[in-house]
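S.K.: For reference, the structure I am asking about is given below.
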Amino acid sequence: MDVFKMRVPELVICSFIVVSLLVIHFFSDLLRASLGGHYSQDVTLSQLVEAQSSDYAWLLKLLVNCFGYSCVFVPGYLIYKYVARTNYLERGNKTCLYRAVNMCITGSSSYDQLEPLGSSTADKERPAASTPPKRTSSQEAVQLMWCFGGLMVSYLTWGVLQEKIMTQHYLNFAGESSKFKDSQFLVFANRLLAFLVALAYLQWQPSPVRHRAPLYKYSYASFSNIMSAWFQYEALKFVNFPTQVLAKSCKIIPVMLMGKIMSKAKYESYEYATALLISLGMIFFLGGSSDSTKASGVTTLTGIFLLSMYMVFDSFTANWQGSLFKSYGMTSLQMMCGVNLFSSIFTGASLSMQGGFMDSLAFATEHPKFVFDMVVLSICSAVGQLFIYHTIDVFGPVVFTIIMTLRQAVAIMLSCFIYQHSISVLGFFGVLIVFVAIFLRVYCNQRMRALRKRAEANKPKMAV
């Protein structure tokens, strides 16, 4: 009897998961029936959503995706409330489920350090590695070229393949052409490989920093991250790639707004001035890159809205991750691992509920070139994240920002060359304004830091 009482909390937690999934599955069947009409019973919900020909079909996709994410959010919320109300974590029944719940909610577990399998207690308590010897100028130059080349190759390849997968047709074995439409599957593939790469790196080269953050904290950044990625892929159906790249340069504006709202951050006058210049350059570019005869197919209000939502969610991700770094002090690789773990879970649950896995895998088996492009895209995304963290760690955020700004400029030219996008003189002038504003922002930021350091150095020291 005592054993049964000890198992009751585990049974309740498992029942939350099972019942929630059954209810969500029931409502997904109702949605499928309402959309199905004359369609065959073998048609998946994902196929029914894709079959909608309305200009606002993307909105239905978004709602169905979010409904799929509830497969994780609903049981997670119920378990969180149950644990808080019953003080489940204060009991001594240390089962595997207990450890998992404890790690998710409090971050306290024997497995919370994300260290290699089989590592000993002595390894966990080892001191941080000693400071590496100072590199020579030639070594610095080689390291900089390595970071520059890695970021350029990975993200330029990623950008070209991203546009190809979402806008170009693929031929099957019968010679018939078709487009790949499920952008959520691409998000899943990217995030799953990024999680595996980060986990493998942490196993191979463990971090000296103890991981203390509750895992559920990553879910907020993960949700906003997959939403921003989905909006980014979906926007390519309405705007061309150069427009999307330049819009990313305008992320500074929503990041500043989100920082003002979330963290009550204060900004210098030059930051507002450069943000205004970036907005002006974007307006010139949009006015100079759209053809009045093709405006509905190239650059539409829907595309602008999708890009705006991408920037909103992406700016929230950056600010939330920043607050986690301040609160828990995890490393960038631990952040990469945690966020991509939840991103894989969210998108995997949504795809399973919609039947999107089977549709995408069926498309992949019929279009081998798509498989190659998707795998290379995911590898470039994961490797690119590692280069981001390495560049910031070795050279700082300023050098990283300059490299990525140059990458964006090259990406625009490469896309125009490969996919024959036309940009007028006014459009190129807008691009120039945006990149000048970004470099001006970097220069002013460095100048202000130098002045602050000089002022601190010149302050008279108080006598002890």
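Chain labels follow the order of the structure tokens: the first chain is A, the next B, and so on; residue numbering restarts at 1 in every chain, and ligands are counted from 1 in their shown order.
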I'd like the contact shell of stretch 374-387 of chain A - 8 Å cut-off, only C-alpha atoms, skipping same-chain residues fewer than 2 positions apart - returned as a count of residues only.
M.R.: 24
S.K.: Would you give me, as a list in words, the residues in stretch 117-356 of chain A that DSSP reads as strand (DSSP E)?
M.R.: Tyr170, Leu171, Ser177 and Ser178 of chain A
S.K.: Choose the residue, out of A:Tyr443, A:Tyr419, A:Tyr82, A:Trp58, that has the smallest atom-to-atom separation from A:Asn240; count only C-alpha atoms.
M.R.: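 Comparing A:Tyr443, A:Tyr419, A:Tyr82, A:Trp58 against A:Asn240, the winner is A:Tyr419.
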S.K.: Find the residue from A:Ala141, A:Val431, A:His421, A:Ala213 that sits nearest to A:Thr106; use only C-alpha atoms when measuring.
M.R.: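 Using only C-alpha atoms, A:Thr106 sits closest to A:Ala213.
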S.K.: If we count only C-alpha atoms, what is near stretch 342-352 of chain A at a cut-off of 9 Å, once residues fewer than 5 positions away on the same chain are taken out, given as a PDB file with N, CA, C and O atoms, in the first residue's frame?
M.R.:
ATOM      1  N   SER A  46      -1.594  18.066 -42.351  1.00  0.00           N
ATOM      2  CA  SER A  46      -0.611  18.910 -43.019  1.00  0.00           C
ATOM      3  C   SER A  46      -0.949  19.094 -44.496  1.00  0.00           C
ATOM      4  O   SER A  46      -0.857  20.200 -45.039  1.00  0.00           O
ATOM      5  N   VAL A  64      -2.307  26.076 -36.829  1.00  0.00           N
ATOM      6  CA  VAL A  64      -2.157  24.625 -36.674  1.00  0.00           C
ATOM      7  C   VAL A  64      -0.820  24.290 -36.022  1.00  0.00           C
ATOM      8  O   VAL A  64      -0.732  23.393 -35.175  1.00  0.00           O
ATOM      9  N   ASN A  65       0.241  25.008 -36.396  1.00  0.00           N
ATOM     10  CA  ASN A  65       1.547  24.789 -35.772  1.00  0.00           C
ATOM     11  C   ASN A  65       1.496  25.060 -34.272  1.00  0.00           C
ATOM     12  O   ASN A  65       2.009  24.273 -33.462  1.00  0.00           O
ATOM     13  N   CYS A  66       0.892  26.181 -33.905  1.00  0.00           N
ATOM     14  CA  CYS A  66       0.780  26.534 -32.483  1.00  0.00           C
ATOM     15  C   CYS A  66      -0.077  25.513 -31.731  1.00  0.00           C
ATOM     16  O   CYS A  66       0.189  25.200 -30.564  1.00  0.00           O
ATOM     17  N   PHE A  67      -1.105  24.996 -32.418  1.00  0.00           N
ATOM     18  CA  PHE A  67      -1.920  23.942 -31.817  1.00  0.00           C
ATOM     19  C   PHE A  67      -1.059  22.715 -31.553  1.00  0.00           C
ATOM     20  O   PHE A  67      -1.202  22.032 -30.527  1.00  0.00           O
ATOM     21  N   GLY A  68      -0.133  22.427 -32.463  1.00  0.00           N
ATOM     22  CA  GLY A  68       0.784  21.304 -32.264  1.00  0.00           C
ATOM     23  C   GLY A  68       1.731  21.540 -31.104  1.00  0.00           C
ATOM     24  O   GLY A  68       2.061  20.602 -30.360  1.00  0.00           O
ATOM     25  N   TYR A  69       2.177  22.787 -30.926  1.00  0.00           N
ATOM     26  CA  TYR A  69       3.074  23.092 -29.809  1.00  0.00           C
ATOM     27  C   TYR A  69       2.380  22.899 -28.460  1.00  0.00           C
ATOM     28  O   TYR A  69       3.052  22.692 -27.438  1.00  0.00           O
ATOM     29  N   SER A  70       1.049  22.972 -28.462  1.00  0.00           N
ATOM     30  CA  SER A  70       0.310  22.763 -27.213  1.00  0.00           C
ATOM     31  C   SER A  70       0.473  21.336 -26.705  1.00  0.00           C
ATOM     32  O   SER A  70       0.219  21.072 -25.523  1.00  0.00           O
ATOM     33  N   CYS A  71       0.895  20.402 -27.580  1.00  0.00           N
ATOM     34  CA  CYS A  71       1.195  19.034 -27.127  1.00  0.00           C
ATOM     35  C   CYS A  71       2.292  19.027 -26.077  1.00  0.00           C
ATOM     36  O   CYS A  71       2.397  18.085 -25.283  1.00  0.00           O
ATOM     37  N   VAL A  72       3.125  20.061 -26.069  1.00  0.00           N
ATOM     38  CA  VAL A  72       4.200  20.174 -25.085  1.00  0.00           C
ATOM     39  C   VAL A  72       3.808  21.149 -23.982  1.00  0.00           C
ATOM     40  O   VAL A  72       4.006  20.875 -22.786  1.00  0.00           O
ATOM     41  N   PHE A  73       3.224  22.282 -24.364  1.00  0.00           N
ATOM     42  CA  PHE A  73       2.917  23.322 -23.384  1.00  0.00           C
ATOM     43  C   PHE A  73       1.853  22.882 -22.378  1.00  0.00           C
ATOM     44  O   PHE A  73       1.996  23.126 -21.177  1.00  0.00           O
ATOM     45  N   GLN A 184       8.171  24.159 -41.494  1.00  0.00           N
ATOM     46  CA  GLN A 184       8.372  23.695 -40.123  1.00  0.00           C
ATOM     47  C   GLN A 184       9.304  22.477 -40.090  1.00  0.00           C
ATOM     48  O   GLN A 184      10.076  22.306 -39.139  1.00  0.00           O
ATOM     49  N   PHE A 185       9.259  21.640 -41.121  1.00  0.00           N
ATOM     50  CA  PHE A 185      10.147  20.479 -41.175  1.00  0.00           C
ATOM     51  C   PHE A 185      11.603  20.940 -41.301  1.00  0.00           C
ATOM     52  O   PHE A 185      12.503  20.319 -40.724  1.00  0.00           O
ATOM     53  N   VAL A 187      12.778  23.735 -40.073  1.00  0.00           N
ATOM     54  CA  VAL A 187      13.140  24.218 -38.740  1.00  0.00           C
ATOM     55  C   VAL A 187      13.509  23.037 -37.845  1.00  0.00           C
ATOM     56  O   VAL A 187      14.507  23.080 -37.105  1.00  0.00           O
ATOM     57  N   PHE A 188      12.708  21.971 -37.914  1.00  0.00           N
ATOM     58  CA  PHE A 188      12.988  20.778 -37.097  1.00  0.00           C
ATOM     59  C   PHE A 188      14.350  20.176 -37.444  1.00  0.00           C
ATOM     60  O   PHE A 188      15.142  19.849 -36.547  1.00  0.00           O
ATOM     61  N   ALA A 189      14.624  20.024 -38.737  1.00  0.00           N
ATOM     62  CA  ALA A 189      15.896  19.432 -39.159  1.00  0.00           C
ATOM     63  C   ALA A 189      17.079  20.281 -38.702  1.00  0.00           C
ATOM     64  O   ALA A 189      18.083  19.759 -38.196  1.00  0.00           O
ATOM     65  N   ASN A 190      16.962  21.605 -38.854  1.00  0.00           N
ATOM     66  CA  ASN A 190      18.041  22.510 -38.433  1.00  0.00           C
ATOM     67  C   ASN A 190      18.288  22.433 -36.935  1.00  0.00           C
ATOM     68  O   ASN A 190      19.432  22.342 -36.469  1.00  0.00           O
ATOM     69  N   ARG A 191      17.200  22.481 -36.159  1.00  0.00           N
ATOM     70  CA  ARG A 191      17.344  22.531 -34.705  1.00  0.00           C
ATOM     71  C   ARG A 191      17.810  21.191 -34.145  1.00  0.00           C
ATOM     72  O   ARG A 191      18.578  21.151 -33.179  1.00  0.00           O
ATOM     73  N   LEU A 192      17.345  20.088 -34.733  1.00  0.00           N
ATOM     74  CA  LEU A 192      17.768  18.779 -34.241  1.00  0.00           C
ATOM     75  C   LEU A 192      19.268  18.578 -34.458  1.00  0.00           C
ATOM     76  O   LEU A 192      19.986  18.127 -33.548  1.00  0.00           O
ATOM     77  N   PHE A 195      21.222  20.758 -32.051  1.00  0.00           N
ATOM     78  CA  PHE A 195      21.231  20.178 -30.703  1.00  0.00           C
ATOM     79  C   PHE A 195      22.251  19.046 -30.600  1.00  0.00           C
ATOM     80  O   PHE A 195      23.027  18.963 -29.637  1.00  0.00           O
ATOM     81  N   LEU A 215      15.541  23.737 -16.846  1.00  0.00           N
ATOM     82  CA  LEU A 215      15.446  23.521 -18.286  1.00  0.00           C
ATOM     83  C   LEU A 215      14.231  24.211 -18.903  1.00  0.00           C
ATOM     84  O   LEU A 215      14.275  24.610 -20.069  1.00  0.00           O
ATOM     85  N   TYR A 216      13.148  24.362 -18.134  1.00  0.00           N
ATOM     86  CA  TYR A 216      11.958  24.974 -18.720  1.00  0.00           C
ATOM     87  C   TYR A 216      12.194  26.429 -19.117  1.00  0.00           C
ATOM     88  O   TYR A 216      11.482  26.973 -19.975  1.00  0.00           O
ATOM     89  N   TYR A 218      14.513  27.482 -20.882  1.00  0.00           N
ATOM     90  CA  TYR A 218      14.908  27.502 -22.294  1.00  0.00           C
ATOM     91  C   TYR A 218      13.704  27.454 -23.232  1.00  0.00           C
ATOM     92  O   TYR A 218      13.817  27.818 -24.399  1.00  0.00           O
ATOM     93  N   SER A 219      12.564  26.971 -22.736  1.00  0.00           N
ATOM     94  CA  SER A 219      11.416  26.776 -23.619  1.00  0.00           C
ATOM     95  C   SER A 219      10.894  28.097 -24.179  1.00  0.00           C
ATOM     96  O   SER A 219      10.396  28.137 -25.307  1.00  0.00           O
ATOM     97  N   ALA A 221      12.695  30.898 -24.898  1.00  0.00           N
ATOM     98  CA  ALA A 221      13.589  31.280 -25.995  1.00  0.00           C
ATOM     99  C   ALA A 221      13.443  30.322 -27.163  1.00  0.00           C
ATOM    100  O   ALA A 221      13.532  30.728 -28.332  1.00  0.00           O
ATOM    101  N   SER A 222      13.192  29.049 -26.858  1.00  0.00           N
ATOM    102  CA  SER A 222      13.032  28.051 -27.911  1.00  0.00           C
ATOM    103  C   SER A 222      11.784  28.325 -28.741  1.00  0.00           C
ATOM    104  O   SER A 222      11.822  28.265 -29.977  1.00  0.00           O
ATOM    105  N   PHE A 223      10.670  28.625 -28.069  1.00  0.00           N
ATOM    106  CA  PHE A 223       9.431  28.908 -28.794  1.00  0.00           C
ATOM    107  C   PHE A 223       9.585  30.129 -29.688  1.00  0.00           C
ATOM    108  O   PHE A 223       9.202  30.113 -30.870  1.00  0.00           O
ATOM    109  N   ASN A 225      12.307  31.280 -30.826  1.00  0.00           N
ATOM    110  CA  ASN A 225      13.300  30.967 -31.850  1.00  0.00           C
ATOM    111  C   ASN A 225      12.685  30.211 -33.025  1.00  0.00           C
ATOM    112  O   ASN A 225      12.950  30.526 -34.195  1.00  0.00           O
ATOM    113  N   ILE A 226      11.866  29.197 -32.739  1.00  0.00           N
ATOM    114  CA  ILE A 226      11.254  28.448 -33.840  1.00  0.00           C
ATOM    115  C   ILE A 226      10.195  29.280 -34.554  1.00  0.00           C
ATOM    116  O   ILE A 226       9.999  29.136 -35.768  1.00  0.00           O
ATOM    117  N   CYS A 337      22.585  24.190 -26.694  1.00  0.00           N
ATOM    118  CA  CYS A 337      22.075  22.838 -26.477  1.00  0.00           C
ATOM    119  C   CYS A 337      20.658  22.876 -25.899  1.00  0.00           C
ATOM    120  O   CYS A 337      19.765  22.169 -26.373  1.00  0.00           O
ATOM    121  N   PHE A 357       5.590  14.767 -40.756  1.00  0.00           N
ATOM    122  CA  PHE A 357       6.765  13.923 -40.939  1.00  0.00           C
ATOM    123  C   PHE A 357       6.621  13.042 -42.175  1.00  0.00           C
ATOM    124  O   PHE A 357       7.519  12.965 -43.013  1.00  0.00           O
ATOM    125  N   MET A 358       5.476  12.389 -42.286  1.00  0.00           N
ATOM    126  CA  MET A 358       5.262  11.473 -43.399  1.00  0.00           C
ATOM    127  C   MET A 358       5.246  12.213 -44.729  1.00  0.00           C
ATOM    128  O   MET A 358       5.802  11.743 -45.730  1.00  0.00           O
TER     129      MET A 358
END
S.K.: In Å to one decimal, how far is atom CA of A:Met166 from atom CA of A:Phe180?
M.R.: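 Those two atoms sit 6.5 Å apart.
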S.K.: For A:Met282, work out the shell of residues within 8 Å, counting only C-alpha atoms and skipping chain neighbours fewer than 5 positions away, then give it as a compact mmCIF listing (two decimals) with N, CA, C and O atoms, in the first residue's frame.
M.R.:
# COMPACT_ATOMS: atom_id res chain seq x y z
N LEU A 246 18.18 42.26 -45.90
CA LEU A 246 18.26 43.64 -45.44
C LEU A 246 17.33 43.88 -44.26
O LEU A 246 17.64 44.66 -43.36
N ALA A 247 16.20 43.19 -44.26
CA ALA A 247 15.29 43.32 -43.11
C ALA A 247 15.95 42.83 -41.83
O ALA A 247 15.72 43.37 -40.75
N CYS A 250 17.76 45.30 -39.94
CA CYS A 250 16.93 46.21 -39.16
C CYS A 250 16.51 45.61 -37.82
O CYS A 250 15.69 46.21 -37.12
N GLY A 430 19.76 52.43 -50.83
CA GLY A 430 19.21 52.02 -49.55
C GLY A 430 20.08 51.00 -48.85
O GLY A 430 20.31 51.07 -47.64
N VAL A 431 20.63 50.02 -49.63
CA VAL A 431 21.54 49.03 -49.06
C VAL A 431 22.78 49.71 -48.48
O VAL A 431 23.24 49.39 -47.38
N VAL A 434 22.06 51.40 -45.15
CA VAL A 434 21.92 50.44 -44.05
C VAL A 434 23.29 49.99 -43.54
O VAL A 434 23.55 50.00 -42.32
S.K.: Write out as a list in words the residues lying within 6 Å of A:Gly303, counting only C-alpha atoms and excluding same-chain residues fewer than 2 positions away.
M.R.: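 Skipping anything fewer than 2 positions along the chain leaves Ala235, Phe238, Val239, Thr300, Leu301, Phe305 and Leu306 of chain A.
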S.K.: What would the file look like if the residues just selected were written as an mmCIF file, in the first residue's frame with N, CA and C atoms?
M.R.:
data_model
loop_
_atom_site.group_PDB
_atom_site.id
_atom_site.type_symbol
_atom_site.label_atom_id
_atom_site.label_comp_id
_atom_site.auth_asym_id
_atom_site.auth_seq_id
_atom_site.Cartn_x
_atom_site.Cartn_y
_atom_site.Cartn_z
ATOM 1 N N ALA A 235 8.311 33.811 -45.087
ATOM 2 C CA ALA A 235 8.383 35.113 -45.765
ATOM 3 C C ALA A 235 8.990 34.989 -47.157
ATOM 4 N N PHE A 238 6.843 35.256 -50.160
ATOM 5 C CA PHE A 238 6.212 36.530 -50.476
ATOM 6 C C PHE A 238 7.208 37.634 -50.805
ATOM 7 N N VAL A 239 8.447 37.521 -50.307
ATOM 8 C CA VAL A 239 9.461 38.531 -50.598
ATOM 9 C C VAL A 239 10.719 37.831 -51.091
ATOM 10 N N THR A 300 5.093 41.886 -50.933
ATOM 11 C CA THR A 300 3.714 42.159 -50.574
ATOM 12 C C THR A 300 3.619 42.572 -49.121
ATOM 13 N N LEU A 301 2.435 43.070 -48.751
ATOM 14 C CA LEU A 301 2.202 43.431 -47.355
ATOM 15 C C LEU A 301 2.293 42.203 -46.458
ATOM 16 N N PHE A 305 4.714 41.819 -43.287
ATOM 17 C CA PHE A 305 4.193 41.444 -41.966
ATOM 18 C C PHE A 305 4.952 40.236 -41.412
ATOM 19 N N LEU A 306 5.198 39.222 -42.267
ATOM 20 C CA LEU A 306 5.923 38.035 -41.821
ATOM 21 C C LEU A 306 7.337 38.391 -41.387
#
S.K.: Report the distance between atom CA of A:Phe316 and atom CA of A:Leu432 in Å, rounded to one decimal place.
M.R.: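 Atom CA of A:Phe316 sits 27.3 Å away from atom CA of A:Leu432.
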S.K.: Taking only stretch 147-281 of chain A into account, list the residues labelled alpha helix (DSSP H) by DSSP (computed from the backbone), as number ranges by chain.
M.R.: A: 147-167, 183-204, 217-235, 241-249, 252-262, 269-281
S.K.: Kindly export the residues of the current selection with C-alpha atoms, as an mmCIF file, in the first residue's frame.
M.R.:
data_model
loop_
_atom_site.group_PDB
_atom_site.id
_atom_site.type_symbol
_atom_site.label_atom_id
_atom_site.label_comp_id
_atom_site.auth_asym_id
_atom_site.auth_seq_id
_atom_site.Cartn_x
_atom_site.Cartn_y
_atom_site.Cartn_z
ATOM 1 C CA CYS A 147 36.538 32.612 -38.237
ATOM 2 C CA PHE A 148 35.858 34.891 -41.222
ATOM 3 C CA GLY A 149 36.000 31.988 -43.692
ATOM 4 C CA GLY A 150 33.884 29.711 -41.502
ATOM 5 C CA LEU A 151 31.135 32.291 -41.004
ATOM 6 C CA MET A 152 31.143 33.314 -44.657
ATOM 7 C CA VAL A 153 31.063 29.804 -46.106
ATOM 8 C CA SER A 154 28.513 28.389 -43.677
ATOM 9 C CA TYR A 155 26.029 31.268 -43.770
ATOM 10 C CA LEU A 156 26.378 32.148 -47.450
ATOM 11 C CA THR A 157 25.735 28.504 -48.331
ATOM 12 C CA TRP A 158 22.862 28.438 -45.828
ATOM 13 C CA GLY A 159 21.299 31.549 -47.391
ATOM 14 C CA VAL A 160 21.534 30.266 -50.972
ATOM 15 C CA LEU A 161 20.056 26.882 -50.036
ATOM 16 C CA GLN A 162 17.332 28.487 -47.917
ATOM 17 C CA GLU A 163 16.097 30.486 -50.896
ATOM 18 C CA LYS A 164 16.435 27.499 -53.227
ATOM 19 C CA ILE A 165 14.417 25.126 -51.030
ATOM 20 C CA MET A 166 11.567 27.563 -50.400
ATOM 21 C CA THR A 167 11.263 29.112 -53.884
ATOM 22 C CA SER A 183 8.912 25.163 -43.605
ATOM 23 C CA GLN A 184 8.372 23.695 -40.123
ATOM 24 C CA PHE A 185 10.147 20.479 -41.175
ATOM 25 C CA LEU A 186 13.194 22.552 -42.158
ATOM 26 C CA VAL A 187 13.140 24.218 -38.740
ATOM 27 C CA PHE A 188 12.988 20.778 -37.097
ATOM 28 C CA ALA A 189 15.896 19.432 -39.159
ATOM 29 C CA ASN A 190 18.041 22.510 -38.433
ATOM 30 C CA ARG A 191 17.344 22.531 -34.705
ATOM 31 C CA LEU A 192 17.768 18.779 -34.241
ATOM 32 C CA LEU A 193 21.186 18.760 -35.904
ATOM 33 C CA ALA A 194 22.233 21.892 -33.980
ATOM 34 C CA PHE A 195 21.231 20.178 -30.703
ATOM 35 C CA LEU A 196 23.201 17.033 -31.580
ATOM 36 C CA VAL A 197 26.257 19.078 -32.592
ATOM 37 C CA ALA A 198 26.150 21.122 -29.362
ATOM 38 C CA LEU A 199 25.643 17.997 -27.237
ATOM 39 C CA ALA A 200 28.513 16.194 -28.971
ATOM 40 C CA TYR A 201 30.780 19.214 -28.498
ATOM 41 C CA LEU A 202 29.926 19.395 -24.784
ATOM 42 C CA GLN A 203 30.631 15.676 -24.437
ATOM 43 C CA TRP A 204 33.940 16.030 -26.271
ATOM 44 C CA LYS A 217 13.528 28.441 -18.882
ATOM 45 C CA TYR A 218 14.908 27.502 -22.294
ATOM 46 C CA SER A 219 11.416 26.776 -23.619
ATOM 47 C CA TYR A 220 10.526 30.480 -23.906
ATOM 48 C CA ALA A 221 13.589 31.280 -25.995
ATOM 49 C CA SER A 222 13.032 28.051 -27.911
ATOM 50 C CA PHE A 223 9.431 28.908 -28.794
ATOM 51 C CA SER A 224 10.330 32.408 -29.953
ATOM 52 C CA ASN A 225 13.300 30.967 -31.850
ATOM 53 C CA ILE A 226 11.254 28.448 -33.840
ATOM 54 C CA MET A 227 8.566 31.061 -34.475
ATOM 55 C CA SER A 228 11.138 33.511 -35.840
ATOM 56 C CA ALA A 229 12.641 30.762 -38.013
ATOM 57 C CA TRP A 230 9.194 29.752 -39.316
ATOM 58 C CA PHE A 231 8.294 33.360 -40.173
ATOM 59 C CA GLN A 232 11.664 33.718 -41.877
ATOM 60 C CA TYR A 233 11.152 30.667 -44.112
ATOM 61 C CA GLU A 234 7.498 31.522 -44.807
ATOM 62 C CA ALA A 235 8.383 35.113 -45.765
ATOM 63 C CA PHE A 241 15.912 36.979 -50.401
ATOM 64 C CA PRO A 242 17.722 40.368 -50.646
ATOM 65 C CA THR A 243 14.693 42.003 -49.021
ATOM 66 C CA GLN A 244 14.812 39.439 -46.221
ATOM 67 C CA VAL A 245 18.554 39.879 -45.673
ATOM 68 C CA LEU A 246 18.263 43.643 -45.443
ATOM 69 C CA ALA A 247 15.292 43.321 -43.113
ATOM 70 C CA LYS A 248 17.517 41.294 -40.785
ATOM 71 C CA SER A 249 19.847 44.273 -40.635
ATOM 72 C CA ILE A 252 18.473 46.511 -34.171
ATOM 73 C CA ILE A 253 15.223 48.492 -34.032
ATOM 74 C CA PRO A 254 12.938 45.803 -32.514
ATOM 75 C CA VAL A 255 15.788 44.648 -30.258
ATOM 76 C CA MET A 256 16.035 48.191 -28.867
ATOM 77 C CA LEU A 257 12.258 48.379 -28.425
ATOM 78 C CA MET A 258 12.141 44.957 -26.729
ATOM 79 C CA GLY A 259 15.068 45.910 -24.484
ATOM 80 C CA LYS A 260 13.245 49.104 -23.510
ATOM 81 C CA ILE A 261 10.090 47.129 -22.679
ATOM 82 C CA MET A 262 11.616 44.065 -20.989
ATOM 83 C CA SER A 269 21.729 59.181 -29.003
ATOM 84 C CA TYR A 270 23.922 57.626 -31.728
ATOM 85 C CA GLU A 271 21.991 54.345 -31.328
ATOM 86 C CA TYR A 272 18.701 56.103 -32.080
ATOM 87 C CA ALA A 273 20.296 57.972 -35.019
ATOM 88 C CA THR A 274 21.683 54.797 -36.611
ATOM 89 C CA ALA A 275 18.364 52.999 -36.083
ATOM 90 C CA LEU A 276 16.643 55.849 -37.958
ATOM 91 C CA LEU A 277 19.203 55.607 -40.782
ATOM 92 C CA ILE A 278 18.638 51.866 -41.050
ATOM 93 C CA SER A 279 14.873 52.388 -41.307
ATOM 94 C CA LEU A 280 15.393 55.028 -44.002
ATOM 95 C CA GLY A 281 17.706 52.734 -45.961
#
S.K.: Using only C-alpha atoms, which residue out of A:Leu48, A:Ile388, A:Ala364, A:Met413 lies closest to A:Tyr170?
M.R.: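 Closest candidate: A:Ala364.
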S.K.: Using only C-alpha atoms for the distances, tell me which of A:Met145, A:Ile105, A:Ile13, A:Val18 is nearest to A:Leu78.
M.R.: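 For A:Leu78, the nearest of the candidates is A:Ile13.
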S.K.: Could you name the residues that touch A:Asp359 at 8 Å or less, counting only C-alpha atoms, but leaving out those on the same chain fewer than 4 positions away, as a ChimeraX atom specification?
M.R.: /A:46-47,355,363
S.K.: Keeping only C-alpha atoms, write the selected residues as an mmCIF file, in the first residue's frame.
M.R.:
data_model
loop_
_atom_site.group_PDB
_atom_site.id
_atom_site.type_symbol
_atom_site.label_atom_id
_atom_site.label_comp_id
_atom_site.auth_asym_id
_atom_site.auth_seq_id
_atom_site.Cartn_x
_atom_site.Cartn_y
_atom_site.Cartn_z
ATOM 1 C CA SER A 46 -0.611 18.910 -43.019
ATOM 2 C CA GLN A 47 -1.744 18.109 -46.573
ATOM 3 C CA GLY A 355 1.316 14.173 -40.105
ATOM 4 C CA PHE A 363 8.742 14.325 -50.642
#
S.K.: Expressed in Å to a single decimal, how great is the separation between atom CA of A:Ala409 and atom CA of A:Phe435?
M.R.: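 Taking atom CA of A:Ala409 as the start and atom CA of A:Phe435 as the end point, the length is 7.9 Å.
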S.K.: Nearest to A:Pro75: which of A:Leu21, A:Ala57, A:Met103, A:Val43 is it, counting only C-alpha atoms?
M.R.: A:Leu21
